[in-house]
Each structure stands twice: as C-alpha cells, then as structure tokens.
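Colleague: One structure coming up, written as structure tokens, with questions to follow.
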Amino acid sequence: MNPPRLIPFEAPPNANAHGALAPLSVRGLTVAYDEKPALWDVDFEISQQDLVAVIGPNGAGKSTMIKAVLGLTPTLAGNIRAFGKPVKHARKRIAYVPQRTSVDWDFPASAEDVVAMGLYGKIGWCRPVRRRHRGSAREHLDRVGMADFASRQIGQLSGGQQQRVFLARALAQEADIYLMDEPFAGVDAATERAIVDVMRDVRSNGATVVCVHHDLQTVGDYFDSAVILNIRRIAAGPVTDVFTEENLQAAYGGRLAKTEIRAIADSA
Amino acid sequence: MNATDFLSIDLPAILVAILAATSCGLLGNFLVLRRQALIGDAISHVALPGIVAGFLVSGTIATLPLMLGAMVAAIIAAGLIETIRRVGRLEAGAAMGVVFTAMFAVGIVLLEQTGASNAHIDAEHALYGNLESTLWLVLSAWSDLLTVEAYIEMPRQLATLIVVTCAIAVLIAVFFKELKVTTFDPGLAASLGLPVRTISTALIVVVAIAAVAAFEAVGSILVIAMFICPAATARMLTDNLGRQLWLSAGVAAIAGVGGYFAAAFGPQLWGSANALSAAGMITVVAGVMQGFAMLMAPRYGVVTRAMGNRKRRLDLAS
C-alpha cells in the first residue's frame, strides 16, 4: 500500500461547483486500529440536499468513517470539513444517529427524555431541560409516529420504535447534515418507511443525509448517491453512476456471487 | 437512654451514617448505570494506601492530606487498571481485581511497617469503619445544637461529610444533563461536543473523594454497599433518572438511620447487652431493602410480575 497523502490540517475549504461550501468534505482520511488500517486515504465530498448511502462489506470501515468524521475515533491523517470548517466548529449543524445497539436500553429514561438529549447542544451547559424543550421533544416524536410512546421507558419499545426515537432525537437537533449509522438495521417495515419519509422530508428542507446502509437492494430506491467503501474508497457519486459491476466487484468481490452483483448493478 | 448520651454518641454517628450513605448512594447511580459499580469497590480499597501515604508524608491525620493521598491513589489505580487492561489483555473487571487487591495489600504492609497503625489508622477500621467512635462531646442538651460552639466542636468526619455530600448534590444537580447523556450515549454526547472523557474522569475523582470521606467513618465494606444498593433499589422503583436519584438518597438515608438503630438498640430487644457493628447493620438494611425491592417493586418486582401474569392468565381463561 502507498502511504496516505498527508494533507495539512489548514487546507483551504473546498467550494463545490455552485460555489457553496460542501456539507461534508473528506480528504485523505486514514484510520488504523493497532496496525491494521480501517480506512485508507479516503476522499469524497457530499453535496447539499443529497441522500447518501455509505455501503461496503462488513469491516469496510463504514461506521469508522462516520465516527472519524465526528471526531469520535482518532485519525492518522486526513482533512475533514463540514461546511468548510473543521467539524468541531460546526457541531451545531451536525446530527448523529449512533447504532441502536450501542446504548443500554434499560437506562431509566423515557422516549421523550432521549429525544430531549438532542436539544442539549441548544440548551447549553448546566441549564435544565424546560417545559418548552419537552414540548419540542414531543413534536419531534410525533414526526416519526411515536407521539403515543413519549412517556414509555425506552426498554419497553420494540427495536423499530427505539430506532425511531433515535431518529426523532436527531431531528430535534435541527441540523443541516444527518449522519446515521445503520438506521435500517433490524427494523420493521413501518419504521423503514418512517425513516425514508423523514430523510426525504429533511432533504426537502435543505438538509443532507449520510447513512451507513447494508441492503444493496434498496440503495437505488432510498438514496440519491452512494459512497462505496472497502477500507479504500471504491467509488462515490450518484447511485446510477457508481453501482457498476466493476465497483461492486471491487467492494464485495468474493462475498457476493457474480450473478448477485450483476443483478444489483442492473437494477440500479 | 438519656439526651446527653444520645446527642453526644448516637446523633453524630447517625448523621455520619446518613451522609456517608447518601453521598456514595447518589454517585452510585451513575456508576451502576455505566456498569462501573466495581470502580467504587476498587477505589474504596486503594484509598487505604493513599491515606497511609498521606499520613506518612504530612505527619498528621488531618482530613486534607489524607484525602489528597487517597485521591492520588485513586487516580494511579485508574491509570493502572487501564494499562493492565490494555497491556495484559484482560477485561476491566479482572484488571480492577488485580489493582485494588494489590494496592490494598500495599496499604496494609505500609501500615504495619511504618507505625502509622498507632495513629488511629488500622486495617480493621479500614474495612469496618469506626462509626461508634464519632463523638460530639460538647452536646449535652438539645438546646446546645443552637449554639455556635457546638458547630465549632463538631466531629471532623461529620464536618467533612457535610461538605462532601453538599458538594456532590450540587455537582449532580448542576451537571445532571451532562452526566445523563454521557452515561446513556457517549457517542451522541461526544458528537454534541461534550468532553466525555473529562466527565468520566471527573466522576471517578468525585467518587474517590466520597469514598474517602465515607471510608474514614464507615469503612470500605459499607462504602461498596452504598455505591450499589441504594442505586439498584431505586432503579427497581422508577424509570426516571431524576426520581431514581431522589429515591436512592432516600434509601441510603433510611439504611443509615435504620441500620444504626438496629445495631445500637436492636440487641436490647432480645435482652442482649452487646451492640452490633453499625456499619455492618447499615449494609444489611441496605441489602434487605434491595431484596425487598427486587421482590415487590411495582413494575419490576419478581412477585409483582408473577401476580400480574397470574391475573392475566385468569383474565384470559374467563
């Protein structure tokens, strides 16, 4: 492997074709756990109002990429900018939906409590959650069809309902870019529908969604663009352009049968 | 029982028991929810070498040097646990087990070899505490509680615990939101820009302070129980973190008072003249309360649920 290109941290912000600052631009991102690279020299840029699927086989570094963008995992190299700024100066514009299995659902909190956590950034340090914040949390629960479950302890919800609570919490952040880590994993059809509706809804309001996704069959239906990863970036761009046999073979070769890859490429 | 005995012997012990139990009990909520309950155990043990070292360095048994020593020991222990976990490829519980037993042993060796044990610190007190020896000698009548002198002559452990307990209550109230979100979802918390690691470290430091303040008075066994039992009991009774904190404080206070009375006056009911260990009885009361909550809690109790299921089966049958 060639060493990753080291890019100075203070690189000039990249402006896209329209002159606007890209919601997310990643250059030369390299992450390694121990000696093994998890991401190697990954470049891509996300444009505004785009619904982007991040796909790739298990261990391709999809979640790592999201975490590296958010600064939750240390990077070896790379320049990550959100709206032309380092991510830590753009946190209020970014919402994060972690994997549902990353938290303890036995925690003593109601659905409304969890959604209110999305408002903590706005409320600020040491200030209490007030009645209007609770009202706002309930409105966001209503947007994902969970208004009736506001006071339910989160462990008493189904997997799909829990995922919708996480989605409502991200909505409460009223961000400009939503980074979601496998929101479709293990959810029921109603929740899948709700997530897709919400993604389209935030896109029509000008926001951008980047979503780690596993189901290759639905990428074309749900998303505008895709970033195909397998440690390296295989391809990035509109789904119809990047879902080629060649790219899918490069990402999934050996894990999916040739016929499956061809079928997916044809359907996109 | 006359007023003078009660005021100078029982009252300070009861207050110390309540405050020690409450300060540890409040923090225990976060330790239990972070699955770090054993940290309280580890820290209350590593406090011993810290206290001995603090005494050896300063030459006094004043609270501040002892507490500083214990805090330094707690921080060293936290660092060692992390190092052993990584280098030795052990799970966190095993790494803690190695560190706190080793450091506690070092503390005992230090105690025995340096003569610190003559200075009111000894291994038995470290385990069982010394609640019965907390005396508020200036009190001889209830009206004395209204004099300034009473508070100047307040037992040192009691004064320390009042300050520590109030500080913990204020810290939890002020940083409630931050503690809640970093405990539930550290990933989200970090993405919001909260310093997740700093908050975890600060929690451990505060746990160390509470453990030391309580440990001097009630010993490490009670400290461990108080980090876990009140929080675990309160968790059975509510699904709301704020209410859980209040309930845990209540459970801890009841255990403190109930345990002390059971130890001091319980044996007389059976005609026995010997008092029981107060720290031991407080722990027993806390354990009994937790057991009761596990059986009878409105939603999560084993018995309650079994009765609910039975009723549902009967309803379905009819």
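How things are named: the first chain in the structure tokens is A, the next is B, and so on; residues count from 1 in each chain; ligands count from 1 in the order shown.
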Can you check which parts of chain B lie within 10 Å of chain A? Per residue, the shortest pair of atoms and distance in Å to one decimal, counting only C-alpha atoms, sorted by chain and number, as CSV.
Modeller:
residue,atom,partner,partner_atom,distance
B:Leu33,CA,A:Phe107,CA,7.0
B:Arg34,CA,A:Asp104,CA,9.1
B:Arg35,CA,A:Asp104,CA,10.0
B:Leu171,CA,A:Cys126,CA,9.7
B:Ile172,CA,A:Cys126,CA,9.9
B:Ala173,CA,A:Cys126,CA,8.4
B:Val174,CA,A:Cys126,CA,5.2
B:Phe175,CA,A:Cys126,CA,5.3
B:Phe176,CA,A:Cys126,CA,7.4
B:Lys177,CA,A:Cys126,CA,7.1
B:Glu178,CA,A:Trp125,CA,7.4
B:Lys180,CA,A:Met117,CA,8.8
B:Val181,CA,A:Met117,CA,6.7
B:Thr183,CA,A:Phe107,CA,9.0
B:Phe184,CA,A:Val103,CA,6.4
B:Asp185,CA,A:Val103,CA,5.9
B:Pro186,CA,A:Val103,CA,8.5
B:Gly187,CA,A:Pro98,CA,6.8
B:Leu188,CA,A:Tyr96,CA,6.5
B:Ala189,CA,A:Met117,CA,8.7
B:Ala190,CA,A:Leu72,CA,6.7
B:Ser191,CA,A:Leu70,CA,5.9
B:Leu192,CA,A:Gly121,CA,5.9
B:Gly193,CA,A:Arg91,CA,6.7
B:Leu194,CA,A:Gly121,CA,8.8
B:Arg235,CA,A:Pro108,CA,7.3
B:Met236,CA,A:Pro108,CA,9.8
B:Thr238,CA,A:Pro108,CA,7.3
B:Asp239,CA,A:Pro108,CA,4.3
B:Asn240,CA,A:Pro108,CA,4.9
B:Leu241,CA,A:Pro108,CA,5.3
B:Gly242,CA,A:Pro108,CA,8.9
B:Arg243,CA,A:Pro108,CA,9.4
B:Gln244,CA,A:Pro108,CA,8.0
Colleague: Can you pull out every residue from region 18-253 of chain A that DSSP, working from the backbone, puts in strand (DSSP E or B), and format the result as an NGL selection string?
Modeller: :A and (21 or 24-33 or 36-46 or 51-55 or 77-82 or 85-86 or 94-97 or 110 or 153 or 177-181 or 208-212 or 225-230 or 232-238 or 253)
Colleague: When you look at region 236-251 of chain A with a cut-off of 7 Å (counting only C-alpha atoms), what residues show up, excluding the ones that are within fewer than 4 positions of it in the same chain? I need them as a PyMOL selection string.
Modeller: chain A and resi 44+56-57+220+224-230+261-262+265+268
Colleague: State, in Å with one decimal place, the distance from CA of Pro74 (chain A) to CA of Val31 (chain A).
Modeller: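 Answer for the CA of Pro74 (chain A) to CA of Val31 (chain A) separation: 7.1 Å.
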Colleague: Can you tell me which residues surround Ser248 (chain B) at a distance of at most 7 Å, considering only C-alpha atoms, apart from same-chain residues fewer than 2 positions away, and format the answer as an NGL selection string?
Modeller: :B and (25-26 or 230-231 or 234 or 244-246 or 250-252)
Colleague: Give me, as a PyMOL selection string, the residues of region 56-225 of chain A that a backbone DSSP run labels helix (DSSP H, G or I).
Modeller: chain A and resi 62-70+87-89+91-93+100-102+111-117+120-123+131-143+147-149+154-156+159-172+189-204+216-222
Colleague: If you measure from CA of Ala42 (chain B) to CA of Phe100 (chain B), what distance in Å do you get, rounded to one decimal?
Modeller: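 Between these atoms lies a distance of 5.0 Å.
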Colleague: CA of Ala286 (chain B) and CA of Ala92 (chain B), how far apart in Å?
Modeller: 26.4 Å
